[in-house]
Each structure stands twice: as C-alpha cells, then as structure tokens.
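protein_26.cif (mmCIF, C-alpha atoms) appears below.
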```cif
data_query
#
loop_
_atom_site.label_atom_id
_atom_site.label_comp_id
_atom_site.auth_asym_id
_atom_site.auth_seq_id
_atom_site.Cartn_x
_atom_site.Cartn_y
_atom_site.Cartn_z
CA MET A 16 27.47 -17.12 23.62
CA PRO A 17 29.51 -14.11 22.41
CA GLY A 18 33.24 -13.96 23.04
CA LEU A 19 34.52 -13.22 26.52
CA SER A 20 36.38 -10.07 27.47
CA TYR A 21 37.10 -9.71 31.18
CA THR A 22 37.96 -12.10 33.96
CA ILE A 23 37.17 -11.49 37.63
CA GLU A 24 39.80 -13.20 39.79
CA GLY A 25 40.54 -15.59 36.91
CA LYS A 26 37.24 -17.39 37.31
CA ILE A 27 34.03 -15.91 35.89
CA GLU A 28 34.11 -13.86 32.70
CA HIS A 29 31.92 -11.11 31.32
CA VAL A 30 30.36 -11.47 27.88
CA GLU A 31 31.50 -9.15 25.08
CA GLN A 32 27.94 -8.06 24.25
CA LEU A 33 24.30 -8.80 25.01
CA PRO A 34 21.24 -9.12 22.77
CA PRO A 35 19.19 -5.92 22.35
CA VAL A 36 16.43 -5.39 24.90
CA GLU A 37 12.84 -6.28 24.07
CA ARG A 38 10.97 -3.63 22.11
CA LYS A 39 8.79 -2.80 25.11
CA PHE A 40 11.94 -1.71 27.01
CA THR A 41 13.37 0.64 24.37
CA PRO A 42 13.63 4.38 25.14
CA GLY A 43 10.42 6.23 24.29
CA ALA A 44 8.17 3.23 24.89
CA HIS A 45 5.38 3.50 27.46
CA PHE A 46 6.12 1.35 30.50
CA ASP A 47 3.33 -0.51 32.28
CA LEU A 48 4.08 0.11 35.95
CA SER A 49 1.42 -2.42 36.98
CA ALA A 50 3.00 -5.32 35.09
CA GLU A 51 4.04 -8.20 37.33
CA LEU A 52 6.60 -10.91 36.78
CA SER A 53 6.04 -14.57 37.60
CA PRO A 54 9.21 -15.93 39.21
CA ASP A 55 10.30 -19.51 38.75
CA ASN A 56 10.34 -21.68 41.88
CA VAL A 57 14.09 -22.33 41.84
CA TRP A 58 16.19 -23.08 44.91
CA ILE A 59 19.96 -23.52 45.11
CA LYS A 60 22.23 -25.16 47.67
CA ILE A 61 24.56 -22.65 49.32
CA PRO A 62 27.66 -23.13 51.50
CA SER A 63 26.89 -22.99 55.23
CA TRP A 64 29.31 -20.08 55.75
CA LEU A 65 27.22 -17.89 53.41
CA ALA A 66 23.92 -18.63 55.14
CA GLY A 67 22.49 -15.86 57.29
CA SER A 68 21.85 -12.12 57.15
CA TRP A 69 24.58 -9.70 56.16
CA SER A 70 25.16 -5.95 56.26
CA ALA A 71 27.34 -3.95 53.87
CA ARG A 72 28.04 -0.30 54.60
CA ASP A 73 30.98 0.64 52.37
CA GLU A 74 32.52 -0.48 49.12
CA THR A 75 35.80 0.39 47.43
CA ALA A 76 35.94 0.98 43.68
CA VAL A 77 39.20 -0.65 42.59
CA PHE A 78 38.88 -0.67 38.79
CA TYR A 79 36.98 1.25 36.13
CA GLN A 80 37.02 0.87 32.34
CA ASP A 81 35.26 3.07 29.77
CA PHE A 82 34.88 1.09 26.55
CA LYS A 83 33.65 4.05 24.50
CA LYS A 84 36.64 6.25 25.39
CA GLY A 85 39.12 3.38 25.54
CA ILE A 86 40.45 4.30 28.98
CA SER A 87 40.78 2.53 32.32
CA ARG A 88 41.87 3.47 35.82
CA HIS A 89 42.31 2.13 39.34
CA PRO A 90 40.54 4.71 41.56
CA ASN A 91 40.79 2.86 44.91
CA GLU A 92 37.96 5.08 46.20
CA GLN A 93 35.71 4.13 49.11
CA PHE A 94 32.04 5.13 49.02
CA LYS A 95 28.89 4.51 51.06
CA ALA A 96 26.77 1.64 49.76
CA LYS A 97 24.34 0.49 52.43
CA GLN A 98 22.74 -2.88 51.77
CA ASP A 99 21.30 -5.58 54.04
CA PHE A 100 20.66 -8.99 52.49
CA THR A 101 20.03 -12.62 53.38
CA TYR A 102 21.19 -15.88 51.87
CA GLY A 103 19.38 -19.09 52.79
CA GLN A 104 15.76 -19.55 53.88
CA GLN A 105 15.20 -23.30 54.32
CA MET A 106 17.16 -26.33 55.55
CA ASP A 107 16.60 -29.95 54.57
CA LYS A 108 16.85 -33.00 56.82
CA SER A 109 20.55 -33.49 55.99
CA GLY A 110 21.42 -29.99 57.20
CA GLN A 111 21.91 -28.55 53.70
CA ILE A 112 20.79 -24.92 53.46
CA TRP A 113 18.82 -23.76 50.41
CA HIS A 114 18.32 -20.28 48.96
CA TYR A 115 15.26 -19.14 46.98
CA MET A 116 16.32 -17.41 43.77
CA GLY A 117 12.88 -16.18 42.69
CA VAL A 118 13.89 -14.82 39.29
CA PRO A 119 12.73 -12.95 37.35
CA TYR A 120 11.82 -10.15 39.74
CA THR A 121 11.65 -6.36 39.86
CA SER A 122 13.07 -3.82 42.28
CA LYS A 123 12.28 -0.11 42.19
CA SER A 124 13.67 3.14 43.57
CA MET A 125 12.06 6.59 43.37
CA HIS A 126 13.81 9.81 42.35
CA SER A 127 12.48 13.37 42.07
CA SER A 128 11.56 13.22 38.38
CA TYR A 129 11.96 9.56 37.46
CA GLU A 130 11.64 6.01 38.74
CA GLU A 131 14.52 3.56 38.40
CA ILE A 132 13.41 -0.02 37.77
CA HIS A 133 15.65 -3.09 37.79
CA GLU A 134 14.17 -6.03 35.87
CA VAL A 135 16.31 -8.93 37.10
CA ARG A 136 15.92 -11.67 34.52
CA GLU A 137 18.65 -14.11 35.52
CA LYS A 138 20.67 -15.00 38.59
CA ARG A 139 22.58 -18.21 39.08
CA LEU A 140 25.20 -19.71 41.35
CA VAL A 141 28.26 -20.47 39.23
CA ARG A 142 30.29 -22.01 42.04
CA GLY A 143 29.65 -22.67 45.72
CA ASP A 144 32.02 -24.54 48.04
CA ASP A 145 34.08 -24.12 51.22
CA GLN A 146 36.28 -21.43 49.67
CA VAL A 147 34.07 -19.33 47.45
CA ALA A 148 30.54 -18.56 46.20
CA GLU A 149 30.22 -16.99 42.75
CA PHE A 150 27.01 -15.54 41.31
CA ARG A 151 26.16 -14.17 37.86
CA SER A 152 23.20 -11.79 37.40
CA LEU A 153 21.67 -10.18 34.32
CA TYR A 154 19.19 -7.32 34.54
CA THR A 155 17.68 -4.47 32.60
CA VAL A 156 17.66 -1.01 34.17
CA LEU A 157 14.86 1.34 33.11
CA PHE A 158 14.60 5.05 33.91
CA ILE A 159 10.91 5.98 33.78
CA ASP A 160 9.53 9.53 33.59
CA ASN A 161 7.27 10.06 36.60
CA PHE A 162 4.75 12.14 34.65
CA THR A 163 4.43 10.29 31.33
CA SER A 164 5.52 6.78 32.38
CA ASN A 165 7.65 6.72 29.24
CA ILE A 166 11.09 5.12 29.28
CA GLN A 167 13.74 7.85 29.25
CA ARG A 168 16.79 5.60 29.15
CA THR A 169 17.55 1.88 29.14
CA GLN A 170 20.69 -0.02 29.99
CA GLN A 171 21.59 -3.63 30.68
CA GLN A 172 23.93 -4.86 33.38
CA GLU A 173 25.82 -8.08 33.99
CA SER A 174 27.10 -8.54 37.54
CA LEU A 175 29.65 -11.12 38.65
CA THR A 176 29.79 -11.31 42.43
CA THR A 177 32.25 -13.42 44.41
CA TYR A 178 32.09 -14.03 48.16
CA SER A 179 34.74 -15.72 50.31
CA PRO A 180 34.70 -16.53 54.05
CA LEU A 181 37.05 -14.51 56.25
CA ALA A 182 35.73 -15.29 59.75
CA ASP A 183 32.48 -16.46 61.31
CA ASP A 184 31.07 -12.94 61.12
CA ARG A 185 32.89 -11.61 58.04
CA ILE A 186 32.95 -12.33 54.32
CA GLY A 187 34.87 -10.66 51.54
CA MET A 188 33.14 -9.54 48.34
CA SER A 189 34.53 -8.80 44.90
CA ALA A 190 31.92 -7.61 42.41
CA SER A 191 32.33 -6.69 38.76
CA THR A 192 29.51 -4.89 36.93
CA LYS A 193 29.54 -4.40 33.17
CA VAL A 194 27.05 -1.92 31.69
CA PHE A 195 25.60 -2.28 28.18
CA ASP A 196 23.29 0.03 26.25
CA ALA A 197 19.81 -0.96 25.05
CA GLY A 198 21.36 -2.46 21.91
CA GLY A 199 23.67 -4.70 23.93
CA ARG A 200 26.90 -2.75 23.29
CA ALA A 201 29.40 -2.52 26.17
CA GLN A 202 29.68 0.92 27.78
CA ASN A 203 31.75 0.59 30.93
CA LEU A 204 32.85 -1.78 33.67
CA GLN A 205 33.51 -1.28 37.36
CA ARG A 206 34.91 -3.63 39.98
CA ASN A 207 34.22 -3.07 43.68
CA GLU A 208 35.42 -4.79 46.84
CA ALA A 209 33.97 -4.86 50.36
CA ILE A 210 34.13 -6.54 53.74
CA ILE A 211 30.63 -7.56 54.83
CA LYS A 212 29.53 -8.27 58.40
CA ARG A 213 27.04 -10.92 59.50
CA TYR A 214 24.33 -9.62 61.84
CA ARG A 215 22.27 -12.81 62.14
CA HIS A 216 23.08 -16.48 61.69
CA PHE A 217 20.85 -18.69 59.58
CA THR A 218 17.29 -19.18 60.77
CA PRO A 219 14.51 -20.64 58.60
CA ILE A 220 12.34 -18.06 56.85
CA ASN A 221 8.91 -19.49 56.09
CA GLU A 222 7.25 -16.36 54.71
CA LYS A 223 8.57 -13.19 53.09
CA ASP A 224 7.05 -10.47 50.94
CA GLY A 225 3.77 -12.36 50.70
CA LYS A 226 5.43 -15.60 49.58
CA ASP A 227 4.99 -18.88 51.46
CA LEU A 228 8.63 -19.94 51.19
CA ARG A 229 8.12 -23.14 53.17
CA ALA A 230 5.42 -24.32 50.78
CA LEU A 231 7.50 -23.31 47.75
CA PHE A 232 10.46 -25.24 49.10
CA GLN A 233 8.32 -28.33 49.72
CA GLN A 234 6.99 -28.06 46.18
CA PHE A 235 10.48 -27.69 44.74
CA MET A 236 11.86 -30.70 46.62
CA ALA A 237 8.86 -32.84 45.66
CA SER A 238 9.30 -31.92 42.00
CA ARG A 239 12.88 -33.24 42.22
CA GLY A 240 11.81 -36.47 43.91
CA GLN A 241 13.50 -35.40 47.16
CA ALA A 242 10.50 -35.03 49.45
CA ASN A 243 12.21 -37.53 51.75
CA LEU A 244 14.77 -34.83 52.59
CA LEU A 245 12.14 -32.46 53.94
CA ASN A 246 12.27 -32.00 57.69
CA GLY A 247 9.74 -34.32 59.26
CA GLY A 248 9.64 -36.36 56.06
CA ALA A 249 6.41 -34.68 54.98
CA VAL A 250 5.36 -35.32 51.42
CA PHE A 251 4.15 -32.30 49.48
CA THR A 252 1.99 -32.70 46.40
CA PRO A 253 3.12 -30.26 43.66
CA THR A 254 0.61 -27.63 42.59
CA SER A 255 0.93 -24.43 40.59
CA GLN A 256 3.87 -22.27 41.54
CA GLY A 257 1.95 -19.05 41.94
CA SER A 258 3.42 -15.66 41.10
CA SER A 259 4.90 -12.98 43.29
CA GLN A 260 7.73 -10.54 42.93
CA GLY A 261 11.04 -10.47 44.69
CA SER A 262 14.21 -12.51 44.96
CA GLY A 263 13.93 -13.59 48.57
CA GLN A 264 17.40 -12.14 48.90
CA GLY A 265 16.94 -8.75 50.47
CA SER A 266 16.20 -5.23 49.35
CA GLY A 267 17.18 -5.82 45.72
CA PRO A 268 20.14 -4.55 43.70
CA ALA A 269 21.77 -1.46 45.11
CA ASN A 270 21.84 1.70 42.98
CA LYS A 271 25.11 1.95 41.12
CA PRO A 272 27.97 2.39 41.75
CA GLY A 273 27.06 -0.11 44.45
CA SER A 274 27.19 -3.80 43.64
CA ASP A 275 24.50 -6.42 43.09
CA PHE A 276 24.43 -8.55 46.23
#
```

Could you write out this structure as structure tokens?
Amino acid sequence: MPGLSYTIEGKIEHVEQLPPVERKFTPGAHFDLSAELSPDNVWIKIPSWLAGSWSARDETAVFYQDFKKGISRHPNEQFKAKQDFTYGQQMDKSGQIWHYMGVPYTSKSMHSSYEEIHEVREKRLVRGDDQVAEFRSLYTVLFIDNFTSNIQRTQQQESLTTYSPLADDRIGMSASTKVFDAGGRAQNLQRNEAIIKRYRHFTPINEKDGKDLRALFQQFMASRGQANLLNGGAVFTPTSQGSSQGSGQGSGPANKPGSDF
C-alpha cells in the first residue's frame, strides 16, 4: 500500500495515492448505464449501540486541505446534509447483530444536465467495539452527460467514518473524505462532524430493495460453518449468491460535501 498521509483521530489513515481508474471509467469513455454490479454476500458484526435507523440533518465542516494549492483551513461551517441510514439487519441466536455490506454497489443522483454515479467498490469495518465503530470506503464518482452518456469527469474518493455512542438515541460522527483524480493523485481532503439521532431501534429486516436478506444471511452463516447460530437452529444449504445492487445501508453516499455514512 502507498505511504500514509493523514490521520483521523489518531486511528485510521488515508492513503497517499490510489491506482488509476479502469479504462472504462476515464473521461470521454461511453458509460453503460444498464451495467449491474454483483455484490458479495458479506456480513459484519456491529456493536449493539450502532444497530438501528439513524437520521442526520446537519454536518459541520471542521477541516479542509487543498493539495494542489498547498493550503488548509478550519472553516467550522455548518451545512444541511440530510441522510437517513440503517445499520444492522439480522440477529443470530446469541444476540449478535449483523450488517449486510453488499459491496460493490452503485448509487445515482440526477442533475439537470448530468447524472452523478457513485461506484462503491469497497467498504469495511476497521474497528467495532463498545467505544467506537470505524469504517473505510473506496468509491469512484462519475459525472455522466445526460445526452451522450459519455463520462465528463471522474474522481475517486476514500472515506474514513468514525461513530461513537453519546446516548441511547445519539451518536457522534467524524468523517474524513479524501478526493483523488482519475489518475489516483490527491486533490483535496475535508473532515466533517455531526450529531446523529436514532429514529428506530434495531428490528430484523428480511427483505430490502429486492434482496432476500434473511436468505442471504442464512447462506453466509452456513458458509462459515455457523448455521447453529441461526435463530431456530435452521440449517441453510448454500446456493449461488445472486446479484442485486445496493449496500443494505440506506440511500447511498450523500452528495459532497456531505459524508459517506
């Protein structure tokens, strides 16, 4: 891995650079809007305090660095960044709550003359315990011309998001997003903070966005030899994983300058 350049709260670090994007994602290339990704059936254990549905309404930009100009500042500016998201869809017999990662996946947002597409290729839990949950995400952002379907601009983003419990209905978030160009060269970095409110405690989610999450969870546990931990002790025989888009997390990454939840 390339050298490391920036530390968020002394824990997770951003990479100095990323590999160039695939040729099909370079500016000027024609983008196939009908292309679908096949997510891996990966589940992670999450702390019980993070499980449930959450609502963010505001974030505060606390740090910004422009690598091209060699400047940095501490704006301390609050802005609207509405995002509802859920962590945790299934619970095993021991009471452990599991979250479906579902990467890679795509999220899209429409604009007047272009479509913004986030190709999320990696998301992993770096640390999860009673004090903190830390995630690292990598994704490619494509700006597609609505008329030609050609890629106007491409950038890559690495997001490091840290949550910590504040109360039963509140968590704190610190998120650092580093932007790279299509060639993998660092452009800028922004760190945001927010207080996020819980609007629903954990409840099992068996189906979402056309995915049978209960069956996927059974398949995942059986593949690990842990079918005995399934509620009811049911044994599930692994089959093909199937393919469908989405992270199982919520409405997908927020448009910048909002953070990746």

Within 8 Å of segment 141-143 of chain A, counting only C-alpha atoms, which residues show up once you throw out same-chain ones fewer than 5 positions away? Write them as a list of chain:residue names, please.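 Listing them by chain and then by number gives A:Ile61, A:Pro62, A:Ala148, A:Glu149, A:Phe150, A:Arg151.
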
Write out as a short mmCIF file (atom, residue, chain, number, x, y, z; two decimals) with C-alpha atoms, keeping the file's coordinate frame each polymer residue whose atoms come within 8 Å of Ala44 of chain A, counting all atoms listed in the file; drop sequence neighbours fewer than 4 positions from it.
```
data_model
loop_
_atom_site.label_atom_id
_atom_site.label_comp_id
_atom_site.auth_asym_id
_atom_site.auth_seq_id
_atom_site.Cartn_x
_atom_site.Cartn_y
_atom_site.Cartn_z
CA ARG A 38 10.97 -3.63 22.11
CA LYS A 39 8.79 -2.80 25.11
CA PHE A 40 11.94 -1.71 27.01
CA ASN A 165 7.65 6.72 29.24
CA ILE A 166 11.09 5.12 29.28
#
```

In terms of the shortest atom-to-atom distance over only C-alpha atoms, which of A:Ala209, A:Asp183, A:Thr177, A:Asp160 is closest to Ala71 of chain A?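 Comparing A:Ala209, A:Asp183, A:Thr177, A:Asp160 against Ala71 of chain A, the winner is A:Ala209.
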
Counting only C-alpha atoms, the residue of A:Gly85, A:Gly117, A:Phe276, A:Trp64 that sits nearest Asp145 of chain A: A:Trp64

Between atom CA of Leu175 of chain A and atom CA of Gly110 of chain A, what is the distance, to one decimal in Å? 27.7 Å

Rounded to one decimal, what separation in Å do you get between atom CA of Glu134 of chain A and atom CA of Gln105 of chain A? 25.3 Å

In Å, rounded to a single decimal, give me how far atom CA of Asp47 of chain A is from atom CA of Tyr129 of chain A.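 If I compute the distance from atom CA of Tyr129 of chain A to atom CA of Asp47 of chain A, I get 14.2 Å.
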
Carefully work through the PyMOL selection byres ((chain A and resi 155) around 12) for this structure and note down the residues it includes, as an NGL selection string. :A and (33-37 or 39-41 or 119-123 or 131-137 or 152-154 or 156-158 or 168-174 or 193-199 or 268)

Of the candidates A:Lys223, A:Arg213, A:Arg229, A:His126, which shows the shortest atom-to-atom distance to Phe100 of chain A, using only C-alpha atoms?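 Residue with the minimum atom-to-atom distance to Phe100 of chain A: A:Arg213.
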
Which one of A:Leu52, A:Glu208, A:Met236, A:Asp227 sits closest to Ala96 of chain A if you count only C-alpha atoms? A:Glu208

Contacts of Trp69 of chain A at 7 Å (all atoms listed in the file; same-chain gap of 6+ positions) as a PyMOL selection string: chain A and resi 99-101+211-214

Go ahead and fit an axis-aligned box to every listed atom of segment 32-37 of chain A plus 5 Å each side, and pass me the centre and edge lengths in Å, one decimal, as JSON.
```
{"center_x": 20.4, "center_y": -7.3, "center_z": 23.7, "size_x": 25.1, "size_y": 13.7, "size_z": 12.7}
```

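What the PyMOL selection byres ((chain A and resi 218) around 12) matches in the given file is A:Ser63, A:Ala66, A:Gly67, A:Ser68, A:Thr101, A:Tyr102, A:Gly103, A:Gln104, A:Gln105, A:Met106, A:Ile112, A:Trp113, A:His114, A:Tyr214, A:Arg215, A:His216, A:Phe217, A:Pro219, A:Ile220, A:Asn221.
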
Selection result of the PyMOL selection byres ((chain A and resi 232) around 9) on this file, as a PDB file with C-alpha atoms, keeping the file's coordinate frame:
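Saved to out.pdb:
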```pdb
ATOM      1  CA  ASN A  56      10.340 -21.680  41.880  1.00  0.00           C
ATOM      2  CA  VAL A  57      14.090 -22.330  41.840  1.00  0.00           C
ATOM      3  CA  TRP A  58      16.190 -23.080  44.910  1.00  0.00           C
ATOM      4  CA  GLN A 105      15.200 -23.300  54.320  1.00  0.00           C
ATOM      5  CA  TRP A 113      18.820 -23.760  50.410  1.00  0.00           C
ATOM      6  CA  TYR A 115      15.260 -19.140  46.980  1.00  0.00           C
ATOM      7  CA  ASP A 227       4.990 -18.880  51.460  1.00  0.00           C
ATOM      8  CA  LEU A 228       8.630 -19.940  51.190  1.00  0.00           C
ATOM      9  CA  ARG A 229       8.120 -23.140  53.170  1.00  0.00           C
ATOM     10  CA  ALA A 230       5.420 -24.320  50.780  1.00  0.00           C
ATOM     11  CA  LEU A 231       7.500 -23.310  47.750  1.00  0.00           C
ATOM     12  CA  GLN A 233       8.320 -28.330  49.720  1.00  0.00           C
ATOM     13  CA  GLN A 234       6.990 -28.060  46.180  1.00  0.00           C
ATOM     14  CA  PHE A 235      10.480 -27.690  44.740  1.00  0.00           C
ATOM     15  CA  MET A 236      11.860 -30.700  46.620  1.00  0.00           C
ATOM     16  CA  ALA A 237       8.860 -32.840  45.660  1.00  0.00           C
ATOM     17  CA  LEU A 245      12.140 -32.460  53.940  1.00  0.00           C
TER      18      LEU A 245
END
```

For Lys84 of chain A: contacts at 12 Å, only C-alpha atoms, fewer than 6 positions along chain excluded, given as a list of chain:residue names: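 Contacts, with the query itself left out: A:Ala201, A:Gln202, A:Asn203.
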
Which one is closest to Lys97 of chain A: A:Asp144, A:Glu31, A:Asp275, A:Asp73? Count all atoms listed in the file. A:Asp73

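Among the candidate residues A:Phe46, A:Glu28, A:Glu130, A:Ala242, the one lying nearest to Asp107 of chain A is A:Ala242, with distances computed using only C-alpha atoms.
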
As a ChimeraX atom specification, please: the residues near His89 of chain A (cut-off 12 Å, all atoms listed in the file, same-chain neighbours under 2 positions excluded). /A:75-81,86-87,91-93,204-207

Go ahead and save the picked residues with C-alpha atoms, as a JSON list (two decimals), in the frame of the given file.
```json
[["chain", "number", "residue", "atom", "x", "y", "z"],
["A", 75, "THR", "CA", 35.80, 0.39, 47.43],
["A", 76, "ALA", "CA", 35.94, 0.98, 43.68],
["A", 77, "VAL", "CA", 39.20, -0.65, 42.59],
["A", 78, "PHE", "CA", 38.88, -0.67, 38.79],
["A", 79, "TYR", "CA", 36.98, 1.25, 36.13],
["A", 80, "GLN", "CA", 37.02, 0.87, 32.34],
["A", 81, "ASP", "CA", 35.26, 3.07, 29.77],
["A", 86, "ILE", "CA", 40.45, 4.30, 28.98],
["A", 87, "SER", "CA", 40.78, 2.53, 32.32],
["A", 91, "ASN", "CA", 40.79, 2.86, 44.91],
["A", 92, "GLU", "CA", 37.96, 5.08, 46.20],
["A", 93, "GLN", "CA", 35.71, 4.13, 49.11],
["A", 204, "LEU", "CA", 32.85, -1.78, 33.67],
["A", 205, "GLN", "CA", 33.51, -1.28, 37.36],
["A", 206, "ARG", "CA", 34.91, -3.63, 39.98],
["A", 207, "ASN", "CA", 34.22, -3.07, 43.68]]
```

Supply segment 86-97 of chain A as a PDB file, in the coordinates of the input, with N, CA and C atoms built in where the input has gaps.
```
ATOM      1  N   ILE A  86      39.587   3.995  27.841  1.00  0.00           N
ATOM      2  CA  ILE A  86      40.450   4.300  28.980  1.00  0.00           C
ATOM      3  C   ILE A  86      40.081   3.427  30.172  1.00  0.00           C
ATOM      4  N   SER A  87      41.025   3.262  31.077  1.00  0.00           N
ATOM      5  CA  SER A  87      40.780   2.530  32.320  1.00  0.00           C
ATOM      6  C   SER A  87      41.600   3.158  33.437  1.00  0.00           C
ATOM      7  N   ARG A  88      41.158   2.920  34.667  1.00  0.00           N
ATOM      8  CA  ARG A  88      41.870   3.470  35.820  1.00  0.00           C
ATOM      9  C   ARG A  88      41.613   2.626  37.047  1.00  0.00           C
ATOM     10  N   HIS A  89      42.429   2.832  38.063  1.00  0.00           N
ATOM     11  CA  HIS A  89      42.310   2.130  39.340  1.00  0.00           C
ATOM     12  C   HIS A  89      42.070   3.187  40.432  1.00  0.00           C
ATOM     13  N   PRO A  90      40.814   3.576  40.655  1.00  0.00           N
ATOM     14  CA  PRO A  90      40.540   4.710  41.560  1.00  0.00           C
ATOM     15  C   PRO A  90      40.822   4.432  43.025  1.00  0.00           C
ATOM     16  N   ASN A  91      40.614   3.203  43.490  1.00  0.00           N
ATOM     17  CA  ASN A  91      40.790   2.860  44.910  1.00  0.00           C
ATOM     18  C   ASN A  91      40.053   3.862  45.798  1.00  0.00           C
ATOM     19  N   GLU A  92      38.779   4.109  45.484  1.00  0.00           N
ATOM     20  CA  GLU A  92      37.960   5.080  46.200  1.00  0.00           C
ATOM     21  C   GLU A  92      36.863   4.367  46.989  1.00  0.00           C
ATOM     22  N   GLN A  93      36.760   4.705  48.262  1.00  0.00           N
ATOM     23  CA  GLN A  93      35.710   4.130  49.110  1.00  0.00           C
ATOM     24  C   GLN A  93      34.467   5.014  49.049  1.00  0.00           C
ATOM     25  N   PHE A  94      33.290   4.378  49.041  1.00  0.00           N
ATOM     26  CA  PHE A  94      32.040   5.130  49.020  1.00  0.00           C
ATOM     27  C   PHE A  94      30.998   4.385  49.846  1.00  0.00           C
ATOM     28  N   LYS A  95      29.970   5.105  50.286  1.00  0.00           N
ATOM     29  CA  LYS A  95      28.890   4.510  51.060  1.00  0.00           C
ATOM     30  C   LYS A  95      27.981   3.713  50.138  1.00  0.00           C
ATOM     31  N   ALA A  96      27.669   2.502  50.541  1.00  0.00           N
ATOM     32  CA  ALA A  96      26.770   1.640  49.760  1.00  0.00           C
ATOM     33  C   ALA A  96      26.056   0.713  50.732  1.00  0.00           C
ATOM     34  N   LYS A  97      25.048   1.240  51.400  1.00  0.00           N
ATOM     35  CA  LYS A  97      24.340   0.490  52.430  1.00  0.00           C
ATOM     36  C   LYS A  97      23.430  -0.561  51.816  1.00  0.00           C
TER      37      LYS A  97
END
```
